[in-house]
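This is model.tsv. It holds TSV, C-alpha atoms.
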```tsv
chain	number	residue	atom	x	y	z
A	1	MET	CA	-27.77	-13.05	-55.96
A	2	SER	CA	-27.95	-16.84	-56.35
A	3	TYR	CA	-25.03	-19.24	-56.28
A	4	SER	CA	-24.80	-22.73	-57.75
A	5	PRO	CA	-24.19	-25.61	-55.30
A	6	ILE	CA	-20.76	-26.22	-56.86
A	7	LEU	CA	-19.77	-22.57	-56.42
A	8	ILE	CA	-20.96	-22.63	-52.80
A	9	ALA	CA	-18.94	-25.79	-52.15
A	10	HIS	CA	-15.90	-24.15	-53.78
A	11	ILE	CA	-16.24	-21.00	-51.65
A	12	CYS	CA	-16.84	-22.95	-48.44
A	13	GLY	CA	-13.87	-25.18	-49.16
A	14	GLY	CA	-11.63	-22.16	-49.68
A	15	VAL	CA	-12.77	-20.37	-46.51
A	16	VAL	CA	-12.45	-23.50	-44.36
A	17	GLY	CA	-9.07	-24.18	-45.97
A	18	LEU	CA	-7.78	-20.72	-45.05
A	19	VAL	CA	-8.96	-21.05	-41.45
A	20	SER	CA	-7.78	-24.64	-40.91
A	21	GLY	CA	-4.50	-24.03	-42.72
A	22	THR	CA	-3.74	-21.04	-40.53
A	23	ALA	CA	-4.62	-23.08	-37.46
A	24	ALA	CA	-2.35	-25.94	-38.58
A	25	MET	CA	0.54	-23.49	-38.98
A	26	CYS	CA	-0.02	-22.10	-35.48
A	27	PHE	CA	-0.42	-25.36	-33.54
A	28	ARG	CA	2.61	-27.31	-32.36
A	29	LYS	CA	3.71	-29.60	-35.16
A	30	GLY	CA	2.71	-33.20	-34.57
A	31	SER	CA	0.20	-32.33	-31.82
A	32	PRO	CA	-3.36	-33.71	-32.00
A	33	ARG	CA	-4.70	-30.24	-32.81
A	34	HIS	CA	-2.19	-29.85	-35.64
A	35	VAL	CA	-3.15	-33.24	-37.05
A	36	LEU	CA	-6.88	-32.48	-36.85
A	37	ALA	CA	-6.48	-29.04	-38.45
A	38	GLY	CA	-4.32	-30.63	-41.14
A	39	LYS	CA	-6.95	-33.22	-42.00
A	40	VAL	CA	-9.62	-30.52	-42.29
A	41	PHE	CA	-7.25	-28.44	-44.40
A	42	VAL	CA	-6.55	-31.28	-46.81
A	43	ALA	CA	-10.24	-32.15	-47.26
A	44	SER	CA	-11.30	-28.53	-47.75
A	45	MET	CA	-8.45	-27.69	-50.13
A	46	LEU	CA	-9.08	-30.75	-52.29
A	47	THR	CA	-12.73	-29.71	-52.45
A	48	MET	CA	-11.83	-26.15	-53.36
A	49	GLY	CA	-9.28	-27.15	-56.00
A	50	ALA	CA	-11.45	-29.79	-57.66
A	51	PHE	CA	-14.47	-27.51	-57.92
A	52	ALA	CA	-12.28	-24.59	-59.02
A	53	ALA	CA	-11.03	-26.66	-61.96
A	54	TYR	CA	-14.58	-27.73	-62.83
A	55	LEU	CA	-15.93	-24.17	-62.71
A	56	ALA	CA	-12.98	-22.93	-64.78
A	57	ILE	CA	-13.69	-25.55	-67.45
A	58	THR	CA	-17.35	-24.57	-67.67
A	59	ARG	CA	-16.44	-20.87	-67.83
A	60	HIS	CA	-13.50	-21.31	-70.24
A	61	GLN	CA	-10.87	-19.91	-67.84
A	62	PRO	CA	-7.58	-21.71	-68.67
A	63	ASN	CA	-5.55	-20.10	-65.87
A	64	ASN	CA	-7.99	-21.22	-63.21
A	65	ILE	CA	-8.06	-24.74	-64.62
A	66	GLY	CA	-4.33	-25.02	-64.07
A	67	GLY	CA	-4.58	-23.39	-60.65
A	68	GLY	CA	-7.25	-25.80	-59.46
A	69	ILE	CA	-5.37	-28.86	-60.71
A	70	LEU	CA	-2.10	-27.58	-59.22
A	71	THR	CA	-3.78	-27.06	-55.84
A	72	VAL	CA	-5.10	-30.62	-55.80
A	73	TYR	CA	-1.67	-31.92	-56.82
A	74	LEU	CA	0.24	-29.98	-54.15
A	75	ILE	CA	-2.12	-30.83	-51.30
A	76	GLY	CA	-2.51	-34.43	-52.42
A	77	THR	CA	1.24	-35.09	-52.67
A	78	ALA	CA	1.86	-33.30	-49.37
A	79	TRP	CA	-0.69	-35.59	-47.72
A	80	LEU	CA	0.89	-38.66	-49.34
A	81	THR	CA	4.30	-37.57	-48.08
A	82	ALA	CA	2.94	-37.36	-44.54
A	83	ARG	CA	1.18	-40.70	-44.70
A	84	ARG	CA	4.04	-42.71	-46.16
A	85	ARG	CA	7.00	-44.25	-44.45
A	86	ASP	CA	10.51	-42.95	-45.09
A	87	GLY	CA	11.72	-43.93	-48.55
A	88	GLU	CA	8.33	-45.14	-49.80
A	89	THR	CA	7.22	-44.44	-53.39
A	90	SER	CA	4.76	-45.96	-55.85
A	91	ARG	CA	3.86	-45.97	-59.54
A	92	LEU	CA	1.30	-43.28	-58.79
A	93	ASP	CA	4.17	-40.83	-58.29
A	94	TRP	CA	5.19	-41.21	-61.94
A	95	VAL	CA	1.66	-40.29	-63.00
A	96	LEU	CA	1.41	-37.34	-60.62
A	97	LEU	CA	4.74	-36.05	-61.92
A	98	LEU	CA	3.06	-35.23	-65.25
A	99	ILE	CA	0.76	-32.65	-63.60
A	100	PRO	CA	3.37	-30.04	-62.56
A	101	LEU	CA	5.48	-30.81	-65.63
A	102	ALA	CA	2.63	-30.11	-68.05
A	103	ASN	CA	1.36	-27.18	-65.98
A	104	GLY	CA	4.79	-25.60	-65.85
A	105	ILE	CA	5.47	-25.95	-69.57
A	106	LEU	CA	2.05	-24.58	-70.51
A	107	SER	CA	2.42	-21.67	-68.08
A	108	TRP	CA	5.77	-20.67	-69.53
A	109	MET	CA	4.45	-20.98	-73.08
A	110	ALA	CA	1.49	-18.75	-72.19
A	111	GLY	CA	3.71	-16.24	-70.38
A	112	LEU	CA	6.19	-15.95	-73.23
A	113	LYS	CA	3.32	-15.55	-75.69
A	114	VAL	CA	2.00	-12.63	-73.63
A	115	LEU	CA	5.44	-11.02	-73.52
A	116	ARG	CA	5.87	-11.33	-77.27
A	117	SER	CA	2.46	-9.74	-77.82
A	118	GLY	CA	3.47	-6.69	-75.78
A	119	HIS	CA	0.78	-7.16	-73.15
A	120	SER	CA	1.37	-7.32	-69.39
A	121	SER	CA	-1.35	-9.77	-68.35
A	122	LEU	CA	-3.50	-12.68	-69.51
A	123	ASP	CA	-7.15	-12.75	-68.41
A	124	GLY	CA	-6.28	-10.34	-65.63
A	125	VAL	CA	-3.29	-12.36	-64.35
A	126	PRO	CA	0.06	-10.49	-64.52
A	127	VAL	CA	2.61	-12.19	-66.73
A	128	GLY	CA	5.09	-12.21	-63.86
A	129	MET	CA	2.72	-14.33	-61.78
A	130	ILE	CA	2.17	-16.71	-64.71
A	131	LEU	CA	5.92	-17.26	-65.10
A	132	PHE	CA	6.36	-17.52	-61.31
A	133	MET	CA	3.71	-20.23	-61.02
A	134	GLY	CA	5.17	-22.00	-64.04
A	135	SER	CA	8.59	-22.01	-62.39
A	136	VAL	CA	7.14	-23.42	-59.17
A	137	CYS	CA	5.47	-26.19	-61.17
A	138	LEU	CA	8.74	-27.12	-62.86
A	139	LEU	CA	10.56	-27.09	-59.52
A	140	ALA	CA	7.89	-29.38	-58.08
A	141	ALA	CA	8.33	-31.72	-61.05
A	142	ALA	CA	12.11	-31.69	-60.57
A	143	GLY	CA	11.58	-32.55	-56.90
A	144	ASP	CA	9.39	-35.48	-57.87
A	145	VAL	CA	12.02	-36.77	-60.30
A	146	ARG	CA	14.76	-36.48	-57.68
A	147	MET	CA	12.58	-38.29	-55.14
A	148	LEU	CA	11.86	-41.15	-57.54
A	149	VAL	CA	15.47	-41.48	-58.70
A	150	ARG	CA	16.70	-41.60	-55.10
A	151	GLY	CA	14.05	-44.08	-54.03
A	152	GLY	CA	11.98	-41.74	-51.87
A	153	VAL	CA	12.61	-39.13	-49.21
A	154	ALA	CA	13.26	-39.55	-45.50
A	155	GLY	CA	13.77	-37.55	-42.34
A	156	VAL	CA	14.15	-33.80	-42.70
A	157	LYS	CA	13.73	-33.94	-46.49
A	158	ARG	CA	10.40	-35.68	-46.12
A	159	ILE	CA	9.22	-33.09	-43.62
A	160	SER	CA	10.39	-30.25	-45.90
A	161	ARG	CA	8.52	-31.73	-48.86
A	162	HIS	CA	5.35	-31.93	-46.79
A	163	LEU	CA	5.73	-28.39	-45.46
A	164	TRP	CA	6.44	-26.50	-48.66
A	165	ARG	CA	3.63	-28.15	-50.61
A	166	MET	CA	1.07	-27.52	-47.87
A	167	CYS	CA	2.20	-23.90	-47.43
A	168	PHE	CA	2.20	-23.17	-51.13
A	169	GLY	CA	-1.26	-24.64	-51.43
A	170	LEU	CA	-2.35	-22.25	-48.69
A	171	PHE	CA	-0.73	-19.39	-50.62
A	172	ILE	CA	-2.78	-20.28	-53.71
A	173	ALA	CA	-5.97	-20.34	-51.63
A	174	ALA	CA	-5.15	-16.96	-50.08
A	175	GLY	CA	-4.37	-15.40	-53.45
A	176	SER	CA	-7.58	-16.76	-54.94
A	177	PHE	CA	-9.65	-15.46	-52.03
A	178	PHE	CA	-8.17	-11.97	-51.72
A	179	PHE	CA	-7.46	-11.27	-55.41
A	180	GLY	CA	-9.75	-13.71	-57.22
A	181	GLY	CA	-12.50	-11.18	-57.88
A	182	SER	CA	-13.77	-7.68	-57.28
A	183	ASN	CA	-13.17	-7.34	-53.54
A	184	ARG	CA	-14.13	-10.95	-52.83
A	185	PRO	CA	-13.76	-10.72	-49.00
A	186	LEU	CA	-16.13	-7.75	-48.88
A	187	ARG	CA	-18.64	-9.48	-51.15
A	188	LEU	CA	-18.54	-12.63	-49.02
A	189	LEU	CA	-18.99	-10.77	-45.74
A	190	SER	CA	-21.73	-8.63	-47.23
A	191	THR	CA	-23.56	-11.74	-48.38
A	192	VAL	CA	-23.72	-13.07	-44.80
A	193	GLY	CA	-24.61	-9.62	-43.45
A	194	LEU	CA	-21.31	-8.78	-41.72
A	195	GLY	CA	-19.78	-6.33	-44.19
A	196	LYS	CA	-21.65	-3.30	-42.86
A	197	TYR	CA	-20.29	-3.84	-39.34
A	198	LEU	CA	-16.61	-3.79	-40.36
A	199	SER	CA	-14.37	-0.82	-41.04
A	200	PRO	CA	-13.66	-0.04	-44.72
A	201	ALA	CA	-9.96	0.08	-43.75
A	202	LEU	CA	-10.02	-3.72	-43.55
A	203	PHE	CA	-10.78	-3.98	-47.26
A	204	ASN	CA	-7.72	-2.58	-49.02
A	205	THR	CA	-5.13	-3.96	-51.38
A	206	THR	CA	-2.21	-3.54	-48.97
A	207	LEU	CA	-3.83	-5.72	-46.32
A	208	TYR	CA	-4.82	-8.28	-48.92
A	209	SER	CA	-1.25	-8.43	-50.22
A	210	VAL	CA	0.17	-9.00	-46.72
A	211	LEU	CA	-2.33	-11.76	-45.96
A	212	THR	CA	-1.67	-13.38	-49.33
A	213	ILE	CA	2.13	-13.57	-48.99
A	214	LEU	CA	1.98	-14.54	-45.30
A	215	PRO	CA	1.92	-18.29	-46.15
A	216	LEU	CA	5.12	-17.82	-48.17
A	217	ILE	CA	6.77	-16.07	-45.21
A	218	LEU	CA	5.71	-18.92	-42.92
A	219	LEU	CA	6.97	-21.38	-45.53
A	220	ILE	CA	10.44	-19.82	-45.48
A	221	PHE	CA	10.43	-19.71	-41.68
A	222	TRP	CA	9.52	-23.37	-41.27
A	223	LEU	CA	11.89	-24.59	-43.97
A	224	VAL	CA	14.78	-22.74	-42.34
A	225	ARG	CA	13.78	-24.06	-38.91
A	226	VAL	CA	13.52	-27.64	-40.14
A	227	ARG	CA	16.50	-27.75	-42.50
A	228	PHE	CA	19.09	-25.65	-40.64
A	229	THR	CA	18.34	-26.18	-36.94
A	230	ASN	CA	18.15	-29.22	-34.71
A	231	ALA	CA	14.57	-28.46	-33.68
A	232	TYR	CA	13.19	-31.50	-35.50
A	233	ASN	CA	16.31	-33.59	-35.86
A	234	GLY	CA	15.18	-37.18	-35.57
A	235	LYS	CA	11.59	-36.16	-34.81
A	236	THR	CA	8.41	-36.47	-36.80
A	237	ILE	CA	6.01	-33.56	-37.16
A	238	VAL	CA	3.67	-35.33	-39.56
A	239	PRO	CA	1.93	-38.62	-38.72
A	240	ARG	CA	3.21	-41.53	-40.71
A	241	ARG	CA	1.37	-44.71	-41.60
A	242	PRO	CA	2.76	-47.45	-39.39
A	243	ALA	CA	4.80	-50.22	-40.94
A	244	PRO	CA	2.84	-53.39	-41.65
A	245	PHE	CA	2.93	-55.94	-38.85
A	246	VAL	CA	4.62	-59.18	-39.76
A	247	GLU	CA	3.88	-62.08	-37.48
A	248	GLN	CA	6.90	-64.17	-36.72
A	249	ASN	CA	6.62	-67.87	-35.99
A	250	PRO	CA	8.14	-68.86	-32.67
A	251	ALA	CA	11.33	-70.85	-32.83
A	252	PRO	CA	10.77	-74.62	-32.43
```

Please re-express this file's structure in structure tokens.
Amino acid sequence: MSYSPILIAHICGGVVGLVSGTAAMCFRKGSPRHVLAGKVFVASMLTMGAFAAYLAITRHQPNNIGGGILTVYLIGTAWLTARRRDGETSRLDWVLLLIPLANGILSWMAGLKVLRSGHSSLDGVPVGMILFMGSVCLLAAAGDVRMLVRGGVAGVKRISRHLWRMCFGLFIAAGSFFFGGSNRPLRLLSTVGLGKYLSPALFNTTLYSVLTILPLILLIFWLVRVRFTNAYNGKTIVPRRPAPFVEQNPAP
């Protein structure tokens, strides 16, 4: 079986994203290892999402087009949130706001159309998942509007924005890997010659479901820890870009 270079890059980006994202969640927040794993995660997820959207366009798969664009949006805005200073925004945020807004509206329109037709899925995607992802998109858009109206986010709110977007991006990657095809993990491991050495018990829907929703469980855990405890009160767990240095003239 032959794979195109773009498909190989997409698969490699997804696998590296899963590994580095899991590592980033396990390392102490703000530590050098967390920062390094986070950088690898961002690069790999942007690669995966961009190539996923391209492949979906060439294969006429509307759902995957939206999923790829949404992944790039979530990871990109999470990275921007980490890099910026408290309360910093730009005109780019108004442009990025259109991505989840359009994605959410289109997802709900598609989901309602499926419900009216009496079917339960669209191109293999359950209608419940379509409406769920559409709702997440609209919530992300609402969060962007609130951030822009209030002049940015700071402190715990900035950390929460970074966390939930990174974790949800990891959830999308996990769902795509474990449920994106006919037993995709087994096919991948078989391709590299490892599938025959592993127990068939490792390749079942129950295990895939647990591994897929694990990022959402970690998302809830970290949001509760950050928002409702003093664990990170006044601390920074994501590296911020330092404020520009302004040279002051000495007093005469």

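Coordinates place atom CA of Met25 of chain A at a distance of 18.4 Å from atom CA of Lys157 of chain A.
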
Inset, instruction - Counting all atoms listed in the file, select every polymer residue within 8 Å of (-14.4, -24.9, -58.1) as defined in the file's coordinates, and provide the selection as an MDAnalysis selection string. - result: chainID A and resid 6:7 9:11 47:56 68

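The list of residues with at least one atom within 9 Å of Gly152 of chain A, based on only C-alpha atoms and without residues fewer than 5 positions apart in the same chain, reads Asp86, Gly87, Glu88, Thr89, Arg146, Met147 and Arg158 of chain A.
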
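A straight line drawn from atom CA of Val19 of chain A to atom CA of Val156 of chain A is 26.4 Å long.
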
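If you measure from each of A:Val114, A:Val42, A:Ile217, A:Val136 to Leu80 of chain A using all atoms listed in the file, the closest one turns out to be A:Val42.
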
Legend entry - Shell around Gly169 of chain A at 12 Å using all atoms listed in the file, local window under 3 positions removed, as a ChimeraX atom specification: /A:14,17-18,21-22,41-42,44-46,48-49,67-79,133,136-137,162-166,172-176,212-213,215-216,219

Inset, instruction - Just the residues within 12 Å of Trp108 of chain A, please, counting all atoms listed in the file, with nothing from its chain fewer than 3 positions along; format it as an MDAnalysis selection string. - result: chainID A and resid 63 100:105 111:115 127:138

Legend entry - Atomic separation - atom CA of Phe228 of chain A relative to atom CA of Arg150 of chain A, Å: 21.7 Å

Inset, instruction - Go through A:Arg59, A:Ile65, A:Arg28, A:Ser20 and flag the residue nearest Ser107 of chain A, using all atoms listed in the file for the distances. - result: A:Ile65

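Minimum distance to Ile220 of chain A across A:Ala154, A:Cys167, A:Leu106, A:Leu122 (counting all atoms listed in the file) occurs at A:Cys167.
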
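Comparing A:Leu96, A:Ser209, A:Gly38, A:Ala142 by their smallest distance to Phe177 of chain A, the closest is A:Ser209 (using all atoms listed in the file).
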
Please identify all polymer residues within 9 Å of His34 of chain A, counting all atoms listed in the file, omitting same-chain residues fewer than 4 positions from it, and present them as an mmCIF file with C-alpha atoms, keeping the file's coordinate frame.
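Below you can see part_32.cif, which holds the result:
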```
data_model
loop_
_atom_site.group_PDB
_atom_site.id
_atom_site.type_symbol
_atom_site.label_atom_id
_atom_site.label_comp_id
_atom_site.auth_asym_id
_atom_site.auth_seq_id
_atom_site.Cartn_x
_atom_site.Cartn_y
_atom_site.Cartn_z
ATOM 1 C CA ALA A 23 -4.620 -23.080 -37.460
ATOM 2 C CA ALA A 24 -2.350 -25.940 -38.580
ATOM 3 C CA MET A 25 0.540 -23.490 -38.980
ATOM 4 C CA CYS A 26 -0.020 -22.100 -35.480
ATOM 5 C CA PHE A 27 -0.420 -25.360 -33.540
ATOM 6 C CA ARG A 28 2.610 -27.310 -32.360
ATOM 7 C CA LYS A 29 3.710 -29.600 -35.160
ATOM 8 C CA GLY A 30 2.710 -33.200 -34.570
ATOM 9 C CA GLY A 38 -4.320 -30.630 -41.140
ATOM 10 C CA LYS A 39 -6.950 -33.220 -42.000
ATOM 11 C CA VAL A 238 3.670 -35.330 -39.560
#
```

Please, can segment 114-145 of chain A be completed to N, CA and C atoms and returned as a short mmCIF file (atom, residue, chain, number, x, y, z; two decimals), in the coordinates of the input?
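Produced file out.cif, reproduced below:
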```cif
data_model
loop_
_atom_site.label_atom_id
_atom_site.label_comp_id
_atom_site.auth_asym_id
_atom_site.auth_seq_id
_atom_site.Cartn_x
_atom_site.Cartn_y
_atom_site.Cartn_z
N VAL A 114 2.47 -13.95 -74.07
CA VAL A 114 2.00 -12.63 -73.63
C VAL A 114 3.11 -11.60 -73.78
N LEU A 115 4.33 -11.96 -73.40
CA LEU A 115 5.44 -11.02 -73.52
C LEU A 115 5.70 -10.64 -74.97
N ARG A 116 5.64 -11.61 -75.86
CA ARG A 116 5.87 -11.33 -77.27
C ARG A 116 4.77 -10.45 -77.87
N SER A 117 3.57 -10.55 -77.31
CA SER A 117 2.46 -9.74 -77.82
C SER A 117 2.50 -8.31 -77.31
N GLY A 118 3.36 -8.03 -76.33
CA GLY A 118 3.47 -6.69 -75.78
C GLY A 118 2.50 -6.39 -74.66
N HIS A 119 1.70 -7.37 -74.24
CA HIS A 119 0.78 -7.16 -73.15
C HIS A 119 1.45 -7.49 -71.81
N SER A 120 0.81 -7.10 -70.73
CA SER A 120 1.37 -7.32 -69.39
C SER A 120 0.59 -8.34 -68.57
N SER A 121 -0.53 -8.83 -69.11
CA SER A 121 -1.35 -9.77 -68.35
C SER A 121 -2.14 -10.66 -69.31
N LEU A 122 -2.67 -11.75 -68.76
CA LEU A 122 -3.50 -12.68 -69.51
C LEU A 122 -4.74 -12.99 -68.67
N ASP A 123 -5.90 -12.57 -69.14
CA ASP A 123 -7.15 -12.75 -68.41
C ASP A 123 -7.07 -12.16 -67.01
N GLY A 124 -6.38 -11.02 -66.91
CA GLY A 124 -6.28 -10.34 -65.63
C GLY A 124 -5.14 -10.80 -64.74
N VAL A 125 -4.41 -11.84 -65.14
CA VAL A 125 -3.29 -12.36 -64.35
C VAL A 125 -1.99 -11.76 -64.89
N PRO A 126 -1.21 -11.07 -64.05
CA PRO A 126 0.06 -10.49 -64.52
C PRO A 126 0.99 -11.56 -65.07
N VAL A 127 1.73 -11.21 -66.10
CA VAL A 127 2.61 -12.19 -66.73
C VAL A 127 3.68 -12.67 -65.77
N GLY A 128 4.10 -11.80 -64.85
CA GLY A 128 5.09 -12.21 -63.86
C GLY A 128 4.58 -13.34 -62.98
N MET A 129 3.31 -13.27 -62.60
CA MET A 129 2.72 -14.33 -61.78
C MET A 129 2.59 -15.62 -62.58
N ILE A 130 2.27 -15.51 -63.87
CA ILE A 130 2.17 -16.71 -64.71
C ILE A 130 3.51 -17.42 -64.78
N LEU A 131 4.58 -16.66 -65.01
CA LEU A 131 5.92 -17.26 -65.10
C LEU A 131 6.38 -17.79 -63.74
N PHE A 132 6.01 -17.07 -62.67
CA PHE A 132 6.36 -17.52 -61.31
C PHE A 132 5.71 -18.87 -61.01
N MET A 133 4.41 -18.98 -61.29
CA MET A 133 3.71 -20.23 -61.02
C MET A 133 4.24 -21.35 -61.92
N GLY A 134 4.59 -21.00 -63.16
CA GLY A 134 5.17 -22.00 -64.04
C GLY A 134 6.50 -22.52 -63.51
N SER A 135 7.30 -21.62 -62.96
CA SER A 135 8.59 -22.01 -62.39
C SER A 135 8.40 -22.91 -61.17
N VAL A 136 7.42 -22.59 -60.34
CA VAL A 136 7.14 -23.42 -59.17
C VAL A 136 6.72 -24.82 -59.61
N CYS A 137 5.90 -24.89 -60.65
CA CYS A 137 5.47 -26.19 -61.17
C CYS A 137 6.67 -27.02 -61.64
N LEU A 138 7.58 -26.39 -62.36
CA LEU A 138 8.74 -27.12 -62.86
C LEU A 138 9.67 -27.54 -61.71
N LEU A 139 9.77 -26.70 -60.69
CA LEU A 139 10.56 -27.09 -59.52
C LEU A 139 9.92 -28.27 -58.79
N ALA A 140 8.59 -28.26 -58.71
CA ALA A 140 7.89 -29.38 -58.08
C ALA A 140 8.12 -30.66 -58.88
N ALA A 141 8.07 -30.56 -60.21
CA ALA A 141 8.33 -31.72 -61.05
C ALA A 141 9.75 -32.23 -60.87
N ALA A 142 10.71 -31.30 -60.79
CA ALA A 142 12.11 -31.69 -60.57
C ALA A 142 12.27 -32.39 -59.23
N GLY A 143 11.53 -31.90 -58.21
CA GLY A 143 11.58 -32.55 -56.90
C GLY A 143 11.01 -33.95 -56.94
N ASP A 144 9.96 -34.14 -57.73
CA ASP A 144 9.39 -35.48 -57.87
C ASP A 144 10.38 -36.43 -58.55
N VAL A 145 11.04 -35.93 -59.60
CA VAL A 145 12.02 -36.77 -60.30
C VAL A 145 13.16 -37.15 -59.36
#
```
